[in-house]
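Coordinates from coords08.cif are shown below (mmCIF, C-alpha atoms).
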```
data_start
#
loop_
_atom_site.group_PDB
_atom_site.id
_atom_site.type_symbol
_atom_site.label_atom_id
_atom_site.label_comp_id
_atom_site.auth_asym_id
_atom_site.auth_seq_id
_atom_site.Cartn_x
_atom_site.Cartn_y
_atom_site.Cartn_z
ATOM 1 C CA MET Q 1 -48.865 0.417 106.859
ATOM 2 C CA LEU Q 2 -49.629 3.920 105.578
ATOM 3 C CA ASP Q 3 -47.238 6.775 106.301
ATOM 4 C CA LEU Q 4 -49.437 9.431 104.755
ATOM 5 C CA VAL Q 5 -52.547 10.037 102.671
ATOM 6 C CA ILE Q 6 -52.314 13.030 100.332
ATOM 7 C CA ASP Q 7 -55.542 14.561 99.070
ATOM 8 C CA ALA Q 8 -55.211 16.214 95.643
ATOM 9 C CA ARG Q 9 -55.599 19.996 95.613
ATOM 10 C CA SER Q 10 -56.961 22.159 92.819
ATOM 11 C CA ALA Q 11 -54.341 24.065 90.785
ATOM 12 C CA SER Q 12 -54.803 26.350 87.779
ATOM 13 C CA ILE Q 13 -52.731 25.550 84.693
ATOM 14 C CA SER Q 14 -54.239 28.112 82.352
ATOM 15 C CA PRO Q 15 -57.420 30.228 82.387
ATOM 16 C CA GLY Q 16 -60.353 27.858 82.720
ATOM 17 C CA PHE Q 17 -58.147 24.767 83.059
ATOM 18 C CA ASP Q 18 -57.765 23.429 86.596
ATOM 19 C CA VAL Q 19 -56.079 20.166 87.567
ATOM 20 C CA ARG Q 20 -55.725 18.012 90.670
ATOM 21 C CA ARG Q 21 -52.242 18.473 92.106
ATOM 22 C CA ILE Q 22 -50.872 15.588 94.161
ATOM 23 C CA LEU Q 23 -47.126 16.247 94.445
ATOM 24 C CA PRO Q 24 -45.282 18.158 95.752
ATOM 25 C CA TYR Q 25 -47.040 18.339 99.123
ATOM 26 C CA ARG Q 26 -45.863 20.241 102.173
ATOM 27 C CA LEU Q 27 -45.461 17.039 104.200
ATOM 28 C CA ARG Q 28 -44.073 14.999 101.302
ATOM 29 C CA ARG Q 29 -42.004 16.739 98.665
ATOM 30 C CA MET Q 30 -41.030 13.565 96.779
ATOM 31 C CA LEU Q 31 -41.890 9.881 96.452
ATOM 32 C CA GLY Q 32 -38.758 8.053 95.323
ATOM 33 C CA PRO Q 33 -37.510 10.249 92.461
ATOM 34 C CA PHE Q 34 -41.037 11.517 91.649
ATOM 35 C CA VAL Q 35 -41.190 15.183 92.563
ATOM 36 C CA PHE Q 36 -44.449 16.273 90.889
ATOM 37 C CA MET Q 37 -47.791 14.737 89.902
ATOM 38 C CA ASP Q 38 -50.875 16.311 88.291
ATOM 39 C CA HIS Q 39 -54.148 14.704 87.247
ATOM 40 C CA ALA Q 40 -55.941 16.699 84.541
ATOM 41 C CA GLY Q 41 -59.526 15.963 83.614
ATOM 42 C CA PRO Q 42 -61.756 14.435 82.635
ATOM 43 C CA VAL Q 43 -62.266 17.632 80.633
ATOM 44 C CA ASN Q 44 -65.358 18.057 78.488
ATOM 45 C CA VAL Q 45 -65.396 21.315 76.545
ATOM 46 C CA ALA Q 46 -66.720 22.479 73.203
ATOM 47 C CA PRO Q 47 -64.154 22.272 70.364
ATOM 48 C CA GLU Q 48 -63.973 26.062 70.101
ATOM 49 C CA GLN Q 49 -62.803 26.186 73.724
ATOM 50 C CA LEU Q 50 -59.820 23.891 73.194
ATOM 51 C CA PRO Q 51 -57.274 26.734 72.712
ATOM 52 C CA ASN Q 52 -58.123 27.918 76.240
ATOM 53 C CA LEU Q 53 -56.525 24.733 77.563
ATOM 54 C CA ASP Q 54 -53.184 25.286 75.831
ATOM 55 C CA VAL Q 55 -50.039 25.394 77.975
ATOM 56 C CA LEU Q 56 -47.721 27.934 76.330
ATOM 57 C CA PRO Q 57 -43.960 27.371 75.938
ATOM 58 C CA HIS Q 58 -42.276 27.221 79.343
ATOM 59 C CA PRO Q 59 -38.885 26.015 80.642
ATOM 60 C CA HIS Q 60 -37.594 23.094 82.720
ATOM 61 C CA ILE Q 61 -34.251 22.056 84.187
ATOM 62 C CA GLY Q 62 -33.031 19.083 86.228
ATOM 63 C CA LEU Q 63 -35.884 16.651 85.633
ATOM 64 C CA SER Q 64 -37.719 14.371 83.237
ATOM 65 C CA THR Q 65 -41.358 15.112 82.459
ATOM 66 C CA VAL Q 66 -43.608 12.106 81.879
ATOM 67 C CA SER Q 67 -46.951 12.477 80.085
ATOM 68 C CA TYR Q 68 -49.540 9.674 80.074
ATOM 69 C CA LEU Q 69 -53.104 9.951 78.760
ATOM 70 C CA PHE Q 70 -56.297 8.100 79.609
ATOM 71 C CA GLY Q 71 -58.245 9.908 76.876
ATOM 72 C CA GLY Q 72 -57.920 12.610 74.204
ATOM 73 C CA GLN Q 73 -54.656 13.801 72.676
ATOM 74 C CA VAL Q 74 -52.077 16.551 73.178
ATOM 75 C CA THR Q 75 -49.471 18.038 70.827
ATOM 76 C CA HIS Q 76 -46.021 18.475 72.356
ATOM 77 C CA ARG Q 77 -43.444 20.856 70.843
ATOM 78 C CA ASP Q 78 -40.029 21.568 72.332
ATOM 79 C CA SER Q 79 -36.836 23.515 71.755
ATOM 80 C CA LEU Q 80 -35.162 20.448 70.223
ATOM 81 C CA GLY Q 81 -37.568 20.872 67.302
ATOM 82 C CA VAL Q 82 -39.656 17.835 68.299
ATOM 83 C CA GLN Q 83 -43.361 17.855 67.490
ATOM 84 C CA GLN Q 84 -45.203 14.829 68.870
ATOM 85 C CA ILE Q 85 -48.875 14.042 69.323
ATOM 86 C CA ILE Q 86 -49.392 11.848 72.369
ATOM 87 C CA ARG Q 87 -52.416 9.555 72.560
ATOM 88 C CA PRO Q 88 -53.787 7.240 75.264
ATOM 89 C CA GLY Q 89 -51.440 4.440 76.261
ATOM 90 C CA GLU Q 90 -48.305 6.166 74.967
ATOM 91 C CA VAL Q 91 -45.541 7.746 77.037
ATOM 92 C CA ASN Q 92 -43.849 11.072 76.305
ATOM 93 C CA TRP Q 93 -40.579 11.172 78.268
ATOM 94 C CA MET Q 94 -38.721 14.477 78.017
ATOM 95 C CA THR Q 95 -35.488 14.912 79.947
ATOM 96 C CA ALA Q 96 -34.814 18.601 80.500
ATOM 97 C CA GLY Q 97 -31.303 18.261 81.898
ATOM 98 C CA SER Q 98 -29.499 21.577 81.487
ATOM 99 C CA GLY Q 99 -32.577 23.265 80.073
ATOM 100 C CA ILE Q 100 -35.432 22.895 77.591
ATOM 101 C CA ALA Q 101 -38.683 24.660 76.756
ATOM 102 C CA HIS Q 102 -41.850 23.020 75.516
ATOM 103 C CA SER Q 103 -45.549 23.603 74.953
ATOM 104 C CA GLU Q 104 -48.650 21.440 75.164
ATOM 105 C CA ARG Q 105 -51.414 22.301 72.728
ATOM 106 C CA PHE Q 106 -54.937 20.958 72.330
ATOM 107 C CA GLU Q 107 -55.350 21.657 68.634
ATOM 108 C CA ASP Q 108 -57.491 18.910 67.131
ATOM 109 C CA PRO Q 109 -61.243 18.619 67.823
ATOM 110 C CA ALA Q 110 -60.583 14.859 67.745
ATOM 111 C CA THR Q 111 -59.093 15.457 71.199
ATOM 112 C CA LEU Q 112 -62.645 15.147 72.467
ATOM 113 C CA ALA Q 113 -63.686 12.240 70.264
ATOM 114 C CA GLY Q 114 -64.466 8.981 72.008
ATOM 115 C CA GLY Q 115 -64.464 10.458 75.494
ATOM 116 C CA ALA Q 116 -63.106 13.223 77.662
ATOM 117 C CA LEU Q 117 -59.542 14.496 77.730
ATOM 118 C CA GLU Q 118 -57.764 13.041 80.769
ATOM 119 C CA MET Q 119 -54.068 12.804 81.558
ATOM 120 C CA ILE Q 120 -51.501 12.220 84.273
ATOM 121 C CA GLN Q 121 -48.323 14.265 84.342
ATOM 122 C CA THR Q 122 -45.338 13.508 86.549
ATOM 123 C CA TRP Q 123 -41.840 14.873 86.944
ATOM 124 C CA VAL Q 124 -38.939 12.587 87.802
ATOM 125 C CA ALA Q 125 -35.953 14.295 89.404
ATOM 126 C CA LEU Q 126 -32.540 13.452 87.962
ATOM 127 C CA PRO Q 127 -29.550 12.192 89.937
ATOM 128 C CA GLU Q 128 -26.993 14.932 90.551
ATOM 129 C CA ALA Q 129 -24.654 13.426 87.942
ATOM 130 C CA ASP Q 130 -27.362 13.757 85.256
ATOM 131 C CA GLU Q 131 -28.884 17.116 86.135
ATOM 132 C CA GLU Q 132 -26.851 18.976 83.519
ATOM 133 C CA GLN Q 133 -27.047 16.423 80.712
ATOM 134 C CA ALA Q 134 -28.121 17.531 77.247
ATOM 135 C CA PRO Q 135 -31.932 17.556 76.891
ATOM 136 C CA THR Q 136 -33.636 14.647 75.132
ATOM 137 C CA PHE Q 137 -37.131 13.550 74.124
ATOM 138 C CA ALA Q 138 -38.643 10.127 73.402
ATOM 139 C CA ASN Q 139 -42.135 8.866 72.627
ATOM 140 C CA TYR Q 140 -42.932 5.240 73.463
ATOM 141 C CA GLN Q 141 -45.844 3.476 71.774
ATOM 142 C CA PRO Q 142 -48.262 1.148 73.632
ATOM 143 C CA GLN Q 143 -46.724 -1.970 72.087
ATOM 144 C CA GLU Q 144 -43.399 -1.030 73.729
ATOM 145 C CA LEU Q 145 -44.968 -1.036 77.199
ATOM 146 C CA PRO Q 146 -45.596 -4.544 78.570
ATOM 147 C CA ILE Q 147 -49.051 -5.485 79.842
ATOM 148 C CA PHE Q 148 -49.971 -8.090 82.453
ATOM 149 C CA THR Q 149 -53.487 -9.452 82.973
ATOM 150 C CA ASP Q 150 -55.038 -11.736 85.565
ATOM 151 C CA THR Q 151 -58.516 -12.279 86.930
ATOM 152 C CA GLY Q 152 -59.895 -8.806 87.553
ATOM 153 C CA VAL Q 153 -56.509 -7.167 86.927
ATOM 154 C CA TRP Q 154 -55.027 -5.248 83.987
ATOM 155 C CA MET Q 155 -51.638 -3.589 84.349
ATOM 156 C CA ARG Q 156 -49.262 -1.650 82.078
ATOM 157 C CA LEU Q 157 -45.650 -0.902 82.998
ATOM 158 C CA ILE Q 158 -45.052 2.726 82.079
ATOM 159 C CA ALA Q 159 -41.436 2.843 83.220
ATOM 160 C CA GLY Q 160 -38.904 1.138 85.434
ATOM 161 C CA ASP Q 161 -38.944 -2.403 86.773
ATOM 162 C CA ALA Q 162 -41.860 -4.061 88.616
ATOM 163 C CA PHE Q 163 -43.295 -7.553 89.061
ATOM 164 C CA GLY Q 164 -40.647 -8.945 86.716
ATOM 165 C CA LEU Q 165 -41.680 -6.586 83.897
ATOM 166 C CA LYS Q 166 -39.235 -4.266 82.146
ATOM 167 C CA ASN Q 167 -39.309 -2.025 79.091
ATOM 168 C CA ASP Q 168 -36.975 0.236 77.140
ATOM 169 C CA VAL Q 169 -38.166 3.535 78.605
ATOM 170 C CA LYS Q 170 -34.911 5.217 79.605
ATOM 171 C CA THR Q 171 -34.758 6.166 83.269
ATOM 172 C CA HIS Q 172 -31.887 7.552 85.323
ATOM 173 C CA SER Q 173 -32.468 5.954 88.732
ATOM 174 C CA PRO Q 174 -34.302 2.900 90.146
ATOM 175 C CA LEU Q 175 -38.067 3.466 89.959
ATOM 176 C CA PHE Q 176 -41.402 1.969 88.983
ATOM 177 C CA TYR Q 177 -44.466 3.535 87.382
ATOM 178 C CA LEU Q 178 -47.585 1.481 86.602
ATOM 179 C CA HIS Q 179 -51.107 1.981 85.242
ATOM 180 C CA VAL Q 180 -53.384 -0.550 86.962
ATOM 181 C CA VAL Q 181 -57.089 -1.231 86.350
ATOM 182 C CA LEU Q 182 -58.928 -3.395 88.875
ATOM 183 C CA GLN Q 183 -62.409 -4.851 88.748
ATOM 184 C CA ALA Q 184 -64.531 -4.820 91.897
ATOM 185 C CA GLY Q 185 -63.162 -7.278 94.445
ATOM 186 C CA ALA Q 186 -59.744 -7.653 92.805
ATOM 187 C CA ARG Q 187 -56.730 -7.695 95.113
ATOM 188 C CA PHE Q 188 -53.369 -6.161 94.253
ATOM 189 C CA GLY Q 189 -50.027 -5.659 95.989
ATOM 190 C CA LEU Q 190 -47.100 -3.310 95.502
ATOM 191 C CA PRO Q 191 -43.740 -3.992 93.815
ATOM 192 C CA ARG Q 192 -41.091 -5.113 96.279
ATOM 193 C CA GLY Q 193 -37.527 -3.943 96.531
ATOM 194 C CA TYR Q 194 -38.177 -0.181 96.638
ATOM 195 C CA PRO Q 195 -37.952 1.882 99.836
ATOM 196 C CA GLU Q 196 -40.589 4.425 98.769
ATOM 197 C CA ARG Q 197 -43.896 3.348 97.221
ATOM 198 C CA GLY Q 198 -47.281 4.912 96.632
ATOM 199 C CA ALA Q 199 -50.633 4.334 94.933
ATOM 200 C CA TYR Q 200 -52.708 7.156 93.473
ATOM 201 C CA VAL Q 201 -56.413 6.392 93.146
ATOM 202 C CA ALA Q 202 -57.346 7.973 89.806
ATOM 203 C CA LYS Q 203 -60.832 6.428 89.639
ATOM 204 C CA GLY Q 204 -62.968 4.314 91.928
ATOM 205 C CA SER Q 205 -61.986 3.307 95.454
ATOM 206 C CA VAL Q 206 -59.832 0.750 97.260
ATOM 207 C CA GLU Q 207 -59.626 -0.717 100.733
ATOM 208 C CA VAL Q 208 -56.292 -0.953 102.545
ATOM 209 C CA GLY Q 209 -56.033 -2.266 106.084
ATOM 210 C CA GLY Q 210 -59.786 -2.091 106.567
ATOM 211 C CA ARG Q 211 -60.110 1.564 105.461
ATOM 212 C CA ARG Q 212 -61.550 2.895 102.209
ATOM 213 C CA TYR Q 213 -59.714 5.393 100.017
ATOM 214 C CA THR Q 214 -61.249 7.208 97.075
ATOM 215 C CA ALA Q 215 -60.371 8.984 93.825
ATOM 216 C CA GLY Q 216 -57.945 11.865 94.229
ATOM 217 C CA GLN Q 217 -55.958 10.335 97.082
ATOM 218 C CA LEU Q 218 -52.294 9.281 97.028
ATOM 219 C CA LEU Q 219 -51.488 6.548 99.523
ATOM 220 C CA VAL Q 220 -47.871 6.617 100.712
ATOM 221 C CA PHE Q 221 -46.853 3.303 102.266
ATOM 222 C CA THR Q 222 -44.504 2.471 105.122
ATOM 223 C CA PRO Q 223 -41.199 0.965 103.889
ATOM 224 C CA GLY Q 224 -40.902 -2.779 104.308
ATOM 225 C CA GLN Q 225 -44.641 -3.424 104.463
ATOM 226 C CA ASP Q 226 -46.569 -5.548 101.951
ATOM 227 C CA PRO Q 227 -50.045 -4.011 101.797
ATOM 228 C CA VAL Q 228 -52.927 -5.474 99.827
ATOM 229 C CA LEU Q 229 -55.201 -3.114 97.910
ATOM 230 C CA ILE Q 230 -58.757 -4.408 97.444
ATOM 231 C CA ALA Q 231 -60.890 -2.701 94.803
ATOM 232 C CA GLN Q 232 -64.281 -1.680 96.207
ATOM 233 C CA GLU Q 233 -65.519 -0.989 92.669
ATOM 234 C CA ALA Q 234 -63.982 -0.755 89.210
ATOM 235 C CA SER Q 235 -60.873 1.330 89.911
ATOM 236 C CA THR Q 236 -57.867 2.848 88.167
ATOM 237 C CA LEU Q 237 -54.591 3.264 90.056
ATOM 238 C CA MET Q 238 -51.204 4.754 89.263
ATOM 239 C CA LEU Q 239 -48.467 3.020 91.276
ATOM 240 C CA LEU Q 240 -45.170 4.859 91.595
ATOM 241 C CA GLY Q 241 -42.021 5.098 93.661
ATOM 242 C CA GLY Q 242 -38.397 4.087 93.800
ATOM 243 C CA GLU Q 243 -35.078 5.026 95.369
ATOM 244 C CA PRO Q 244 -34.922 8.498 96.942
ATOM 245 C CA LEU Q 245 -32.411 10.927 95.448
ATOM 246 C CA GLY Q 246 -31.981 13.340 98.340
ATOM 247 C CA GLU Q 247 -33.185 16.896 98.772
ATOM 248 C CA ARG Q 248 -34.374 18.809 95.723
ATOM 249 C CA PHE Q 249 -35.248 22.476 95.389
ATOM 250 C CA ILE Q 250 -38.373 23.211 93.364
ATOM 251 C CA TRP Q 251 -39.293 26.628 92.059
ATOM 252 C CA TRP Q 252 -41.946 27.010 89.364
ATOM 253 C CA ASN Q 253 -40.873 24.503 86.657
ATOM 254 C CA PHE Q 254 -37.271 24.187 87.824
ATOM 255 C CA VAL Q 255 -35.837 21.320 89.911
ATOM 256 C CA SER Q 256 -32.267 21.058 91.181
ATOM 257 C CA SER Q 257 -30.115 19.709 93.983
ATOM 258 C CA ARG Q 258 -28.544 23.183 94.188
ATOM 259 C CA ARG Q 259 -30.410 26.339 95.147
ATOM 260 C CA GLU Q 260 -28.045 28.521 93.112
ATOM 261 C CA ARG Q 261 -28.867 26.516 89.973
ATOM 262 C CA ILE Q 262 -32.520 27.514 90.372
ATOM 263 C CA GLU Q 263 -31.468 31.153 90.459
ATOM 264 C CA GLN Q 264 -29.416 30.663 87.292
ATOM 265 C CA ALA Q 265 -32.394 29.063 85.534
ATOM 266 C CA LYS Q 266 -34.573 32.039 86.448
ATOM 267 C CA ALA Q 267 -32.026 34.412 84.947
ATOM 268 C CA ASP Q 268 -31.602 32.240 81.850
ATOM 269 C CA TRP Q 269 -35.329 32.164 81.103
ATOM 270 C CA GLN Q 270 -35.764 35.872 81.710
ATOM 271 C CA ALA Q 271 -32.809 36.667 79.437
ATOM 272 C CA GLY Q 272 -33.960 34.330 76.647
ATOM 273 C CA ARG Q 273 -31.040 31.930 77.016
ATOM 274 C CA ILE Q 274 -33.349 28.877 77.015
ATOM 275 C CA ALA Q 275 -34.525 28.508 73.427
ATOM 276 C CA LEU Q 276 -38.217 28.391 72.573
ATOM 277 C CA PRO Q 277 -39.622 25.614 70.384
ATOM 278 C CA PRO Q 278 -38.771 26.651 66.810
ATOM 279 C CA ASN Q 279 -42.271 25.711 65.652
ATOM 280 C CA ASP Q 280 -44.039 27.394 68.586
ATOM 281 C CA ASN Q 281 -42.145 30.562 69.470
ATOM 282 C CA ALA Q 282 -44.675 33.370 69.060
ATOM 283 C CA GLU Q 283 -45.630 33.385 72.766
ATOM 284 C CA PHE Q 284 -44.398 31.971 76.057
ATOM 285 C CA VAL Q 285 -45.010 31.939 79.805
ATOM 286 C CA PRO Q 286 -43.001 34.731 81.474
ATOM 287 C CA LEU Q 287 -41.000 34.149 84.632
ATOM 288 C CA PRO Q 288 -43.304 34.580 87.635
ATOM 289 C CA GLN Q 289 -42.498 37.561 89.802
ATOM 290 C CA ASP Q 290 -42.604 36.206 93.338
ATOM 291 C CA LYS Q 291 -40.039 37.506 95.794
ATOM 292 C CA SER Q 292 -41.912 36.656 98.964
ATOM 293 C CA ARG Q 293 -40.856 33.023 99.266
ATOM 294 C CA PRO Q 294 -37.525 31.233 98.746
ATOM 295 C CA ALA Q 295 -36.713 28.756 95.983
ATOM 296 C CA GLY Q 296 -38.155 25.374 96.789
ATOM 297 C CA SER Q 297 -41.518 26.702 97.949
ATOM 298 C CA ALA Q 298 -42.974 28.970 95.298
ATOM 299 C CA PRO Q 299 -44.509 29.792 92.955
ATOM 300 C CA SER Q 300 -46.572 26.771 92.005
ATOM 301 C CA PRO Q 301 -45.669 24.998 88.770
ATOM 302 C CA GLN Q 302 -47.758 26.294 85.906
ATOM 303 C CA ALA Q 303 -46.940 23.544 83.450
ATOM 304 C CA LEU Q 304 -48.738 20.290 83.075
ATOM 305 C CA SER Q 305 -45.272 18.888 82.560
#
```

structure tokens encoding of this file:
Amino acid sequence: MLDLVIDARSASISPGFDVRRILPYRLRRMLGPFVFMDHAGPVNVAPEQLPNLDVLPHPHIGLSTVSYLFGGQVTHRDSLGVQQIIRPGEVNWMTAGSGIAHSERFEDPATLAGGALEMIQTWVALPEADEEQAPTFANYQPQELPIFTDTGVWMRLIAGDAFGLKNDVKTHSPLFYLHVVLQAGARFGLPRGYPERGAYVAKGSVEVGGRRYTAGQLLVFTPGQDPVLIAQEASTLMLLGGEPLGERFIWWNFVSSRRERIEQAKADWQAGRIALPPNDNAEFVPLPQDKSRPAGSAPSPQALS
């Protein structure tokens, strides 16, 4: 029923700001089109420490970044000139395509109001035909994302198609991405019709097949099975998966079906050919200098998204 259980590992995003990294993993590079997943927070810091959490302008190619918050707020700026504050329940969907740079800033003390900063960041690889499309950005408000409720169950469709729910979040390949909250004892299944499916336990714990799994674990399920997840306590899950896209090379913040395209992206960033955000261009993350490992294995992504 379970192919693999991935335990989140600690990764440093910026000085003093560590996250739980779930994907990529050495035994599982992708889940459907999802090629990257970070869980940041909960973060409780004094307001004067907020700038230490900032993620400076950095580049992407060949993917869509997806930002989703449980608490707090983040200001996104990109090389298209977009400036967007994202709040809990919204979705920021940025498609890098041929190349984009963006930053994530924690500028407002209100970030900490009403609870800790906490967010999930994923990357969705693009089909080969879309890898070089022009970059785009969209913010989707909570009212655009359908919600389903039942006894002990609350669920929001972030993107894709699942359980008969759809929304207008633009995707490039068949996938599903859900935020699910379960009360103790609630039972929940997985969307059918997708060959690759997983459930990340963000909070709480669930039982599957008589075994208990806890926060920080991604459960990767065997294709064709219909598992039942039983909440052992109040729990928050992120369900994700879809159709696989084939092999992808990952190096730093670059994703591509072609190794040589990664090398071109490195050269483009180093030479300044990927524009910085016009309203956040005084500093940026330099290209990592790591010649010990080939593209696809290193260095670790620095960006939250």

For this session: Any chance you could resolve the PyMOL selection byres ((chain Q and resi 139-148) around 10) against this file and give the residues as a PyMOL selection string?
Result: chain Q and resi 66-67+84-94+137-138+149-150+153-159+163+165-169+178-180

Those same residues - C-alpha atoms - I'd like them written as an mmCIF file, in the frame of the given file.
```
data_model
loop_
_atom_site.group_PDB
_atom_site.id
_atom_site.type_symbol
_atom_site.label_atom_id
_atom_site.label_comp_id
_atom_site.auth_asym_id
_atom_site.auth_seq_id
_atom_site.Cartn_x
_atom_site.Cartn_y
_atom_site.Cartn_z
ATOM 1 C CA VAL Q 66 -43.608 12.106 81.879
ATOM 2 C CA SER Q 67 -46.951 12.477 80.085
ATOM 3 C CA GLN Q 84 -45.203 14.829 68.870
ATOM 4 C CA ILE Q 85 -48.875 14.042 69.323
ATOM 5 C CA ILE Q 86 -49.392 11.848 72.369
ATOM 6 C CA ARG Q 87 -52.416 9.555 72.560
ATOM 7 C CA PRO Q 88 -53.787 7.240 75.264
ATOM 8 C CA GLY Q 89 -51.440 4.440 76.261
ATOM 9 C CA GLU Q 90 -48.305 6.166 74.967
ATOM 10 C CA VAL Q 91 -45.541 7.746 77.037
ATOM 11 C CA ASN Q 92 -43.849 11.072 76.305
ATOM 12 C CA TRP Q 93 -40.579 11.172 78.268
ATOM 13 C CA MET Q 94 -38.721 14.477 78.017
ATOM 14 C CA PHE Q 137 -37.131 13.550 74.124
ATOM 15 C CA ALA Q 138 -38.643 10.127 73.402
ATOM 16 C CA THR Q 149 -53.487 -9.452 82.973
ATOM 17 C CA ASP Q 150 -55.038 -11.736 85.565
ATOM 18 C CA VAL Q 153 -56.509 -7.167 86.927
ATOM 19 C CA TRP Q 154 -55.027 -5.248 83.987
ATOM 20 C CA MET Q 155 -51.638 -3.589 84.349
ATOM 21 C CA ARG Q 156 -49.262 -1.650 82.078
ATOM 22 C CA LEU Q 157 -45.650 -0.902 82.998
ATOM 23 C CA ILE Q 158 -45.052 2.726 82.079
ATOM 24 C CA ALA Q 159 -41.436 2.843 83.220
ATOM 25 C CA PHE Q 163 -43.295 -7.553 89.061
ATOM 26 C CA LEU Q 165 -41.680 -6.586 83.897
ATOM 27 C CA LYS Q 166 -39.235 -4.266 82.146
ATOM 28 C CA ASN Q 167 -39.309 -2.025 79.091
ATOM 29 C CA ASP Q 168 -36.975 0.236 77.140
ATOM 30 C CA VAL Q 169 -38.166 3.535 78.605
ATOM 31 C CA LEU Q 178 -47.585 1.481 86.602
ATOM 32 C CA HIS Q 179 -51.107 1.981 85.242
ATOM 33 C CA VAL Q 180 -53.384 -0.550 86.962
#
```

Run the PyMOL selection byres ((chain Q and resi 20) around 8) against the file shown and list the residues it catches, as a PDB file with C-alpha atoms, keeping the file's coordinate frame.
```pdb
ATOM      1  CA  ALA Q   8     -55.211  16.214  95.643  1.00  0.00           C
ATOM      2  CA  ARG Q   9     -55.599  19.996  95.613  1.00  0.00           C
ATOM      3  CA  SER Q  10     -56.961  22.159  92.819  1.00  0.00           C
ATOM      4  CA  ALA Q  11     -54.341  24.065  90.785  1.00  0.00           C
ATOM      5  CA  ASP Q  18     -57.765  23.429  86.596  1.00  0.00           C
ATOM      6  CA  VAL Q  19     -56.079  20.166  87.567  1.00  0.00           C
ATOM      7  CA  ARG Q  21     -52.242  18.473  92.106  1.00  0.00           C
ATOM      8  CA  ILE Q  22     -50.872  15.588  94.161  1.00  0.00           C
ATOM      9  CA  ASP Q  38     -50.875  16.311  88.291  1.00  0.00           C
ATOM     10  CA  HIS Q  39     -54.148  14.704  87.247  1.00  0.00           C
ATOM     11  CA  ALA Q  40     -55.941  16.699  84.541  1.00  0.00           C
ATOM     12  CA  GLY Q 216     -57.945  11.865  94.229  1.00  0.00           C
TER      13      GLY Q 216
END
```

For this session: Just the residues within 8 Å of range 117-121 of chain Q, please, counting only C-alpha atoms, with nothing from its chain fewer than 5 positions along; format it as a ChimeraX atom specification.
Result: /Q:36-44,65-73,111-112,304-305

Exercise. Near Gln217 in chain Q, counting all atoms listed in the file, which residues have an atom at most 6 Å away, once you skip same-chain residues fewer than 4 positions from it, shown as a list in words?
Worked result: Ile6, Asp7, Tyr200 and Val201 of chain Q

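Evaluating the PyMOL selection byres ((chain Q and resi 152) around 10) against the shown model yields Thr149, Asp150, Thr151, Val153, Trp154, Val181, Leu182, Gln183, Ala184, Gly185, Ala186, Arg187, Phe188, Ala231 and Ala234 of chain Q.
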
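Distances to His76 in chain Q were evaluated for Q:Pro244, Q:Gly224, Q:Pro174, Q:Pro277 using only C-alpha atoms, and the minimum falls at Q:Pro277.
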
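If all atoms listed in the file are the atoms counted, then among Q:Trp269, Q:Glu283, Q:His102, Q:Gln264 the closest residue to Gln83 in chain Q is Q:His102.
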